[in-house]
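Have a look at work.cif below; it lists mmCIF, C-alpha atoms and all ligand atoms.
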```cif
data_protein
#
loop_
_atom_site.group_PDB
_atom_site.id
_atom_site.type_symbol
_atom_site.label_atom_id
_atom_site.label_comp_id
_atom_site.auth_asym_id
_atom_site.auth_seq_id
_atom_site.Cartn_x
_atom_site.Cartn_y
_atom_site.Cartn_z
ATOM 1 C CA MET J 1 66.541 98.075 86.297
ATOM 2 C CA THR J 2 69.076 99.615 83.955
ATOM 3 C CA GLU J 3 72.237 100.562 85.709
ATOM 4 C CA TRP J 4 73.350 104.142 86.011
ATOM 5 C CA ILE J 5 74.948 105.572 82.864
ATOM 6 C CA PHE J 6 78.226 106.265 84.692
ATOM 7 C CA SER J 7 78.219 103.067 86.748
ATOM 8 C CA ASN J 8 81.565 101.400 87.355
ATOM 9 C CA PHE J 9 79.824 98.211 86.189
ATOM 10 C CA ARG J 10 79.616 99.445 82.597
ATOM 11 C CA PRO J 11 82.061 97.764 80.218
ATOM 12 C CA LEU J 12 85.108 99.802 79.259
ATOM 13 C CA ASP J 13 85.733 100.573 75.584
ATOM 14 C CA LYS J 14 89.000 98.692 76.033
ATOM 15 C CA PRO J 15 89.952 96.714 79.154
ATOM 16 C CA ILE J 16 92.443 98.166 81.615
ATOM 17 C CA VAL J 17 95.629 96.136 81.292
ATOM 18 C CA TYR J 18 97.686 96.318 84.450
ATOM 19 C CA GLU J 19 100.594 94.090 85.458
ATOM 20 C CA GLY J 20 99.661 91.557 82.794
ATOM 21 C CA LEU J 21 96.005 91.259 83.754
ATOM 22 C CA SER J 22 93.057 92.582 81.831
ATOM 23 C CA TYR J 23 90.076 94.204 83.595
ATOM 24 C CA PRO J 24 86.811 94.678 81.662
ATOM 25 C CA THR J 25 85.288 97.276 84.022
ATOM 26 C CA VAL J 26 86.406 99.887 86.545
ATOM 27 C CA GLU J 27 84.753 97.708 89.190
ATOM 28 C CA HIS J 28 86.921 94.690 88.333
ATOM 29 C CA PHE J 29 90.067 96.813 88.498
ATOM 30 C CA TYR J 30 89.146 98.626 91.702
ATOM 31 C CA GLN J 31 88.223 95.419 93.518
ATOM 32 C CA ALA J 32 91.354 93.620 92.362
ATOM 33 C CA MET J 33 93.632 96.400 93.596
ATOM 34 C CA LYS J 34 92.385 95.773 97.137
ATOM 35 C CA SER J 35 94.424 92.588 97.184
ATOM 36 C CA PRO J 36 98.224 92.294 97.064
ATOM 37 C CA ASN J 37 97.861 88.709 95.834
ATOM 38 C CA PRO J 38 98.352 88.231 92.047
ATOM 39 C CA THR J 39 96.356 85.006 92.063
ATOM 40 C CA TYR J 40 93.426 86.660 93.762
ATOM 41 C CA ARG J 41 93.680 89.594 91.364
ATOM 42 C CA SER J 42 93.591 87.254 88.389
ATOM 43 C CA MET J 43 90.476 85.558 89.777
ATOM 44 C CA ILE J 44 88.775 88.936 90.094
ATOM 45 C CA ALA J 45 89.891 89.925 86.577
ATOM 46 C CA ALA J 46 88.280 86.725 85.253
ATOM 47 C CA CYS J 47 84.885 87.273 86.907
ATOM 48 C CA PRO J 48 82.198 87.211 84.189
ATOM 49 C CA PHE J 49 80.199 90.016 85.809
ATOM 50 C CA PRO J 50 81.242 93.103 87.781
ATOM 51 C CA GLY J 51 78.881 92.083 90.603
ATOM 52 C CA HIS J 52 80.997 88.968 91.086
ATOM 53 C CA ALA J 53 84.141 91.070 91.157
ATOM 54 C CA LYS J 54 82.555 93.280 93.798
ATOM 55 C CA MET J 55 81.677 90.295 95.964
ATOM 56 C CA MET J 56 85.185 88.909 95.669
ATOM 57 C CA GLY J 57 86.655 92.276 96.552
ATOM 58 C CA ARG J 58 84.582 92.287 99.702
ATOM 59 C CA HIS J 59 86.405 89.161 100.830
ATOM 60 C CA ALA J 60 89.860 90.255 99.772
ATOM 61 C CA LYS J 61 92.595 90.482 102.345
ATOM 62 C CA LEU J 62 93.322 94.196 101.943
ATOM 63 C CA ILE J 63 96.667 95.717 101.137
ATOM 64 C CA PRO J 64 97.809 97.491 104.313
ATOM 65 C CA ASN J 65 97.216 101.073 103.176
ATOM 66 C CA TRP J 66 94.079 100.510 101.139
ATOM 67 C CA ASN J 67 92.226 103.459 102.636
ATOM 68 C CA GLN J 68 94.914 105.831 101.425
ATOM 69 C CA VAL J 69 95.369 104.132 98.069
ATOM 70 C CA LYS J 70 91.776 103.572 97.017
ATOM 71 C CA LYS J 71 91.061 107.090 95.808
ATOM 72 C CA ARG J 72 94.156 107.010 93.595
ATOM 73 C CA VAL J 73 93.076 103.629 92.211
ATOM 74 C CA MET J 74 89.639 104.998 91.363
ATOM 75 C CA TRP J 75 91.082 108.164 89.854
ATOM 76 C CA TYR J 76 93.435 106.135 87.658
ATOM 77 C CA ALA J 77 90.606 103.887 86.448
ATOM 78 C CA LEU J 78 88.208 106.759 85.801
ATOM 79 C CA ARG J 79 90.803 108.753 83.865
ATOM 80 C CA TYR J 80 91.301 105.687 81.709
ATOM 81 C CA LYS J 81 87.590 105.032 81.236
ATOM 82 C CA PHE J 82 86.756 108.658 80.463
ATOM 83 C CA ALA J 83 89.817 109.477 78.372
ATOM 84 C CA PRO J 84 89.105 111.821 75.459
ATOM 85 C CA GLY J 85 87.779 109.925 72.428
ATOM 86 C CA THR J 86 86.043 107.176 74.416
ATOM 87 C CA THR J 87 82.296 106.603 74.242
ATOM 88 C CA HIS J 88 82.191 107.198 78.000
ATOM 89 C CA ARG J 89 83.797 110.620 77.662
ATOM 90 C CA GLU J 90 81.244 111.594 75.019
ATOM 91 C CA LYS J 91 78.446 110.737 77.437
ATOM 92 C CA LEU J 92 80.166 112.564 80.264
ATOM 93 C CA ASP J 93 80.677 115.692 78.187
ATOM 94 C CA ARG J 94 76.992 115.642 77.234
ATOM 95 C CA ALA J 95 75.850 115.310 80.850
ATOM 96 C CA THR J 96 75.113 118.763 82.198
ATOM 97 C CA GLY J 97 74.642 119.681 85.825
ATOM 98 C CA PRO J 98 75.534 117.792 88.981
ATOM 99 C CA ILE J 99 76.487 114.123 88.763
ATOM 100 C CA VAL J 100 75.524 112.144 91.814
ATOM 101 C CA GLU J 101 75.878 108.427 92.308
ATOM 102 C CA ARG J 102 72.552 107.777 94.015
ATOM 103 C CA ASN J 103 72.348 104.322 95.508
ATOM 104 C CA MET J 104 70.373 102.190 97.937
ATOM 105 C CA TRP J 105 73.283 100.220 99.374
ATOM 106 C CA HIS J 106 74.389 102.768 102.021
ATOM 107 C CA ASP J 107 77.429 103.951 100.145
ATOM 108 C CA ASN J 108 77.771 107.515 101.355
ATOM 109 C CA GLU J 109 81.419 107.791 100.522
ATOM 110 C CA TRP J 110 81.513 107.180 96.763
ATOM 111 C CA GLY J 111 77.867 108.112 96.344
ATOM 112 C CA ASP J 112 74.772 109.246 98.172
ATOM 113 C CA CYS J 113 72.431 106.600 99.561
ATOM 114 C CA GLN J 114 68.741 107.374 99.274
ATOM 115 C CA CYS J 115 67.361 104.843 101.750
ATOM 116 C CA HIS J 116 65.173 105.818 104.753
ATOM 117 C CA LYS J 117 68.083 105.655 107.161
ATOM 118 C CA CYS J 118 70.608 107.591 105.095
ATOM 119 C CA ARG J 119 68.292 110.033 103.401
ATOM 120 C CA ASN J 120 69.085 112.876 105.782
ATOM 121 C CA LYS J 121 72.823 112.487 105.747
ATOM 122 C CA PRO J 122 74.521 113.899 102.686
ATOM 123 C CA GLY J 123 76.814 111.502 100.845
ATOM 124 C CA LYS J 124 80.319 112.599 99.950
ATOM 125 C CA ASN J 125 79.663 111.459 96.372
ATOM 126 C CA LEU J 126 83.358 111.007 95.611
ATOM 127 C CA LEU J 127 82.614 109.159 92.380
ATOM 128 C CA GLY J 128 80.350 111.947 91.143
ATOM 129 C CA GLN J 129 82.932 114.534 92.265
ATOM 130 C CA MET J 130 85.673 112.824 90.261
ATOM 131 C CA LEU J 131 83.465 112.581 87.174
ATOM 132 C CA MET J 132 82.514 116.251 87.358
ATOM 133 C CA TYR J 133 86.170 117.148 87.824
ATOM 134 C CA ILE J 134 87.139 115.232 84.664
ATOM 135 C CA ARG J 135 84.312 116.893 82.765
ATOM 136 C CA ASP J 136 84.670 120.438 84.052
ATOM 137 C CA LYS J 137 88.456 120.674 84.156
ATOM 138 C CA GLU J 138 88.624 118.971 80.741
ATOM 139 C CA ILE J 139 91.075 116.421 82.102
ATOM 140 C CA THR J 140 92.888 114.552 79.365
HETATM 141 ZN ZN ZN J 201 71.342 103.802 103.191
#
```

Write out the structure in this file as structure tokens.
Amino acid sequence: MTEWIFSNFRPLDKPIVYEGLSYPTVEHFYQAMKSPNPTYRSMIAACPFPGHAKMMGRHAKLIPNWNQVKKRVMWYALRYKFAPGTTHREKLDRATGPIVERNMWHDNEWGDCQCHKCRNKPGKNLLGQMLMYIRDKEIT
């Protein structure tokens, strides 16, 4: 199955370079920021596929305030990915209507899970909300 057009797994036009490490996708960057450990971050940065980075992030020993920080991390990465002039921003600007990260992995915070169990609870869709904000407020 082709991944969602706005998936965090999609390669960036140019990697995010942060504290000397280079992250090829938003997913790599987001997962790495969970950890305070530079060695662990560098291992995540080097993962060949974003799915690997996600799995490593799941096992990261979290920075103490991760739940407060994570939205800022995502916002930073998305602003970078969807900066004016990028191929991603072109696609975002062409996408009309609501943007919802529909998933089947019970993520009702960043997206909206469509499985039997979650179907009746609305997801917060924070990822979609951020993308629509960038598009509609013409964030630069
Ligand atoms: Zn679910």

Taking all atoms of stretch 119-136 of chain J that appear in the file, build a box with edges along x, y and z, extend it by 5 Å on every side, and state its centre and edge lengths in Å to one decimal, as lines of an AutoDock Vina configuration file.
```
center_x = 77.7
center_y = 114.8
center_z = 94.3
size_x = 28.8
size_y = 21.3
size_z = 33.0
```

Atom-to-atom span, atom CA of J:Arg41 and atom CA of J:Gln68, Å: 19.1 Å

Selection result of the PyMOL selection byres (((chain J and resi 12) around 10) and not hetatm) on this file, as a PyMOL selection string: chain J and resi 8-11+13-16+23-26+77+80-82+86-88

Test item: residues lying within 7 Å of ligand ZN 201 (chain J) with all atoms listed in the file, as a count of residues only: 11

Between atom CA of J:Tyr40 and atom CA of J:Ser7, distance in Å (one decimal): 23.4 Å

Result set, the PyMOL selection byres (((chain J and resi 93) around 10) and not hetatm) on current file, as a list of chain:residue names: J:Phe82, J:Pro84, J:His88, J:Arg89, J:Glu90, J:Lys91, J:Leu92, J:Arg94, J:Ala95, J:Thr96, J:Leu131, J:Met132, J:Ile134, J:Arg135, J:Asp136, J:Glu138

May I have the selected residues written with C-alpha atoms, as an mmCIF file, keeping the file's coordinate frame?
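The resulting result-v6.cif:
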```
data_model
loop_
_atom_site.group_PDB
_atom_site.id
_atom_site.type_symbol
_atom_site.label_atom_id
_atom_site.label_comp_id
_atom_site.auth_asym_id
_atom_site.auth_seq_id
_atom_site.Cartn_x
_atom_site.Cartn_y
_atom_site.Cartn_z
ATOM 1 C CA PHE J 82 86.756 108.658 80.463
ATOM 2 C CA PRO J 84 89.105 111.821 75.459
ATOM 3 C CA HIS J 88 82.191 107.198 78.000
ATOM 4 C CA ARG J 89 83.797 110.620 77.662
ATOM 5 C CA GLU J 90 81.244 111.594 75.019
ATOM 6 C CA LYS J 91 78.446 110.737 77.437
ATOM 7 C CA LEU J 92 80.166 112.564 80.264
ATOM 8 C CA ARG J 94 76.992 115.642 77.234
ATOM 9 C CA ALA J 95 75.850 115.310 80.850
ATOM 10 C CA THR J 96 75.113 118.763 82.198
ATOM 11 C CA LEU J 131 83.465 112.581 87.174
ATOM 12 C CA MET J 132 82.514 116.251 87.358
ATOM 13 C CA ILE J 134 87.139 115.232 84.664
ATOM 14 C CA ARG J 135 84.312 116.893 82.765
ATOM 15 C CA ASP J 136 84.670 120.438 84.052
ATOM 16 C CA GLU J 138 88.624 118.971 80.741
#
```

Atom CA of J:Val69 to atom CA of J:Ser35, straight-line distance in Å: 11.6 Å

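Using all atoms listed in the file for every distance, the candidate list J:Arg102, J:His28, J:Lys34, J:Lys137 yields J:Lys34 as the residue closest to J:Ala60.
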
Check what the PyMOL selection byres (((chain J and resi 55) around 12) and not hetatm) selects in the file above and give those residues as an mmCIF file with C-alpha atoms, in the frame of the given file.
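The resulting file, selection14.cif, is reproduced below:
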```cif
data_model
loop_
_atom_site.group_PDB
_atom_site.id
_atom_site.type_symbol
_atom_site.label_atom_id
_atom_site.label_comp_id
_atom_site.auth_asym_id
_atom_site.auth_seq_id
_atom_site.Cartn_x
_atom_site.Cartn_y
_atom_site.Cartn_z
ATOM 1 C CA GLU J 27 84.753 97.708 89.190
ATOM 2 C CA HIS J 28 86.921 94.690 88.333
ATOM 3 C CA TYR J 30 89.146 98.626 91.702
ATOM 4 C CA GLN J 31 88.223 95.419 93.518
ATOM 5 C CA ALA J 32 91.354 93.620 92.362
ATOM 6 C CA MET J 43 90.476 85.558 89.777
ATOM 7 C CA ILE J 44 88.775 88.936 90.094
ATOM 8 C CA CYS J 47 84.885 87.273 86.907
ATOM 9 C CA PHE J 49 80.199 90.016 85.809
ATOM 10 C CA PRO J 50 81.242 93.103 87.781
ATOM 11 C CA GLY J 51 78.881 92.083 90.603
ATOM 12 C CA HIS J 52 80.997 88.968 91.086
ATOM 13 C CA ALA J 53 84.141 91.070 91.157
ATOM 14 C CA LYS J 54 82.555 93.280 93.798
ATOM 15 C CA MET J 56 85.185 88.909 95.669
ATOM 16 C CA GLY J 57 86.655 92.276 96.552
ATOM 17 C CA ARG J 58 84.582 92.287 99.702
ATOM 18 C CA HIS J 59 86.405 89.161 100.830
ATOM 19 C CA ALA J 60 89.860 90.255 99.772
#
```

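Minimum distance to J:Val100 across J:Arg72, J:Lys61, J:Leu21, J:Trp4 (counting all atoms listed in the file) occurs at J:Trp4.
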
From J:Leu127, J:Thr140, J:Pro98, J:Lys71, residue lying nearest J:Gly85 [all atoms listed in the file]: J:Thr140

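With distances restricted to all atoms listed in the file, J:Ala45 is the closest residue to J:Ser22 from J:Val73, J:Met130, J:Ile5, J:Ala45.
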
Start from the incomplete input, build N, CA and C atoms for stretch 80-115 of chain J, and deliver everything as an mmCIF file, in the frame of the given file.
```cif
data_model
loop_
_atom_site.group_PDB
_atom_site.id
_atom_site.type_symbol
_atom_site.label_atom_id
_atom_site.label_comp_id
_atom_site.auth_asym_id
_atom_site.auth_seq_id
_atom_site.Cartn_x
_atom_site.Cartn_y
_atom_site.Cartn_z
ATOM 1 N N TYR J 80 91.189 106.616 82.831
ATOM 2 C CA TYR J 80 91.301 105.687 81.709
ATOM 3 C C TYR J 80 89.951 105.537 81.013
ATOM 4 N N LYS J 81 88.918 105.275 81.811
ATOM 5 C CA LYS J 81 87.590 105.032 81.236
ATOM 6 C C LYS J 81 87.073 106.246 80.468
ATOM 7 N N PHE J 82 87.318 107.424 81.029
ATOM 8 C CA PHE J 82 86.756 108.658 80.463
ATOM 9 C C PHE J 82 87.795 109.459 79.676
ATOM 10 N N ALA J 83 88.809 108.785 79.185
ATOM 11 C CA ALA J 83 89.817 109.477 78.372
ATOM 12 C C ALA J 83 89.148 110.076 77.140
ATOM 13 N N PRO J 84 89.675 111.215 76.659
ATOM 14 C CA PRO J 84 89.105 111.821 75.459
ATOM 15 C C PRO J 84 89.046 110.820 74.304
ATOM 16 N N GLY J 85 87.943 110.833 73.565
ATOM 17 C CA GLY J 85 87.779 109.925 72.428
ATOM 18 C C GLY J 85 87.022 108.658 72.764
ATOM 19 N N THR J 86 86.807 108.377 74.047
ATOM 20 C CA THR J 86 86.043 107.176 74.416
ATOM 21 C C THR J 86 84.541 107.475 74.372
ATOM 22 N N THR J 87 83.753 106.416 74.226
ATOM 23 C CA THR J 87 82.296 106.603 74.242
ATOM 24 C C THR J 87 81.849 107.137 75.604
ATOM 25 N N HIS J 88 82.562 106.741 76.655
ATOM 26 C CA HIS J 88 82.191 107.198 78.000
ATOM 27 C C HIS J 88 82.420 108.701 78.157
ATOM 28 N N ARG J 89 83.519 109.181 77.561
ATOM 29 C CA ARG J 89 83.797 110.620 77.662
ATOM 30 C C ARG J 89 82.739 111.427 76.900
ATOM 31 N N GLU J 90 82.306 110.899 75.768
ATOM 32 C CA GLU J 90 81.244 111.594 75.019
ATOM 33 C C GLU J 90 80.003 111.755 75.885
ATOM 34 N N LYS J 91 79.631 110.680 76.578
ATOM 35 C CA LYS J 91 78.446 110.737 77.437
ATOM 36 C C LYS J 91 78.660 111.704 78.598
ATOM 37 N N LEU J 92 79.863 111.677 79.134
ATOM 38 C CA LEU J 92 80.166 112.564 80.264
ATOM 39 C C LEU J 92 80.106 114.029 79.826
ATOM 40 N N ASP J 93 80.671 114.308 78.672
ATOM 41 C CA ASP J 93 80.677 115.692 78.187
ATOM 42 C C ASP J 93 79.265 116.184 77.860
ATOM 43 N N ARG J 94 78.381 115.251 77.524
ATOM 44 C CA ARG J 94 76.992 115.642 77.234
ATOM 45 C C ARG J 94 76.143 115.807 78.491
ATOM 46 N N ALA J 95 76.620 115.252 79.609
ATOM 47 C CA ALA J 95 75.850 115.310 80.850
ATOM 48 C C ALA J 95 76.052 116.673 81.506
ATOM 49 N N THR J 96 74.984 117.450 81.578
ATOM 50 C CA THR J 96 75.113 118.763 82.198
ATOM 51 C C THR J 96 74.638 118.678 83.638
ATOM 52 N N GLY J 97 75.099 119.612 84.444
ATOM 53 C CA GLY J 97 74.642 119.681 85.825
ATOM 54 C C GLY J 97 75.348 118.706 86.741
ATOM 55 N N PRO J 98 74.876 118.631 87.981
ATOM 56 C CA PRO J 98 75.534 117.792 88.981
ATOM 57 C C PRO J 98 75.446 116.314 88.630
ATOM 58 N N ILE J 99 76.480 115.571 88.949
ATOM 59 C CA ILE J 99 76.487 114.123 88.763
ATOM 60 C C ILE J 99 76.587 113.491 90.143
ATOM 61 N N VAL J 100 75.561 112.754 90.488
ATOM 62 C CA VAL J 100 75.524 112.144 91.814
ATOM 63 C C VAL J 100 75.275 110.647 91.670
ATOM 64 N N GLU J 101 76.111 109.861 92.319
ATOM 65 C CA GLU J 101 75.878 108.427 92.308
ATOM 66 C C GLU J 101 74.870 108.100 93.409
ATOM 67 N N ARG J 102 73.599 108.115 93.053
ATOM 68 C CA ARG J 102 72.552 107.777 94.015
ATOM 69 C C ARG J 102 72.461 106.264 94.115
ATOM 70 N N ASN J 103 72.440 105.766 95.340
ATOM 71 C CA ASN J 103 72.348 104.322 95.508
ATOM 72 C C ASN J 103 71.451 103.984 96.681
ATOM 73 N N MET J 104 71.215 102.681 96.843
ATOM 74 C CA MET J 104 70.373 102.190 97.937
ATOM 75 C C MET J 104 71.164 101.222 98.809
ATOM 76 N N TRP J 105 72.477 101.197 98.630
ATOM 77 C CA TRP J 105 73.283 100.220 99.374
ATOM 78 C C TRP J 105 74.194 100.915 100.404
ATOM 79 N N HIS J 106 73.755 102.072 100.882
ATOM 80 C CA HIS J 106 74.389 102.768 102.021
ATOM 81 C C HIS J 106 75.812 103.211 101.734
ATOM 82 N N ASP J 107 76.109 103.421 100.472
ATOM 83 C CA ASP J 107 77.429 103.951 100.145
ATOM 84 C C ASP J 107 77.347 105.473 100.148
ATOM 85 N N ASN J 108 77.777 106.057 101.244
ATOM 86 C CA ASN J 108 77.771 107.515 101.355
ATOM 87 C C ASN J 108 79.159 108.099 101.235
ATOM 88 N N GLU J 109 80.074 107.288 100.791
ATOM 89 C CA GLU J 109 81.419 107.791 100.522
ATOM 90 C C GLU J 109 81.578 108.043 99.018
ATOM 91 N N TRP J 110 81.407 107.010 98.215
ATOM 92 C CA TRP J 110 81.513 107.180 96.763
ATOM 93 C C TRP J 110 80.253 107.807 96.187
ATOM 94 N N GLY J 111 79.144 107.622 96.862
ATOM 95 C CA GLY J 111 77.867 108.112 96.344
ATOM 96 C C GLY J 111 77.032 108.770 97.415
ATOM 97 N N ASP J 112 75.723 108.654 97.236
ATOM 98 C CA ASP J 112 74.772 109.246 98.172
ATOM 99 C C ASP J 112 73.574 108.299 98.276
ATOM 100 N N CYS J 113 73.510 107.577 99.389
ATOM 101 C CA CYS J 113 72.431 106.600 99.561
ATOM 102 C C CYS J 113 71.107 107.300 99.824
ATOM 103 N N GLN J 114 70.065 106.758 99.200
ATOM 104 C CA GLN J 114 68.741 107.374 99.274
ATOM 105 C C GLN J 114 67.777 106.618 100.192
ATOM 106 N N CYS J 115 68.278 105.647 100.933
ATOM 107 C CA CYS J 115 67.361 104.843 101.750
ATOM 108 C C CYS J 115 66.807 105.663 102.922
#
```
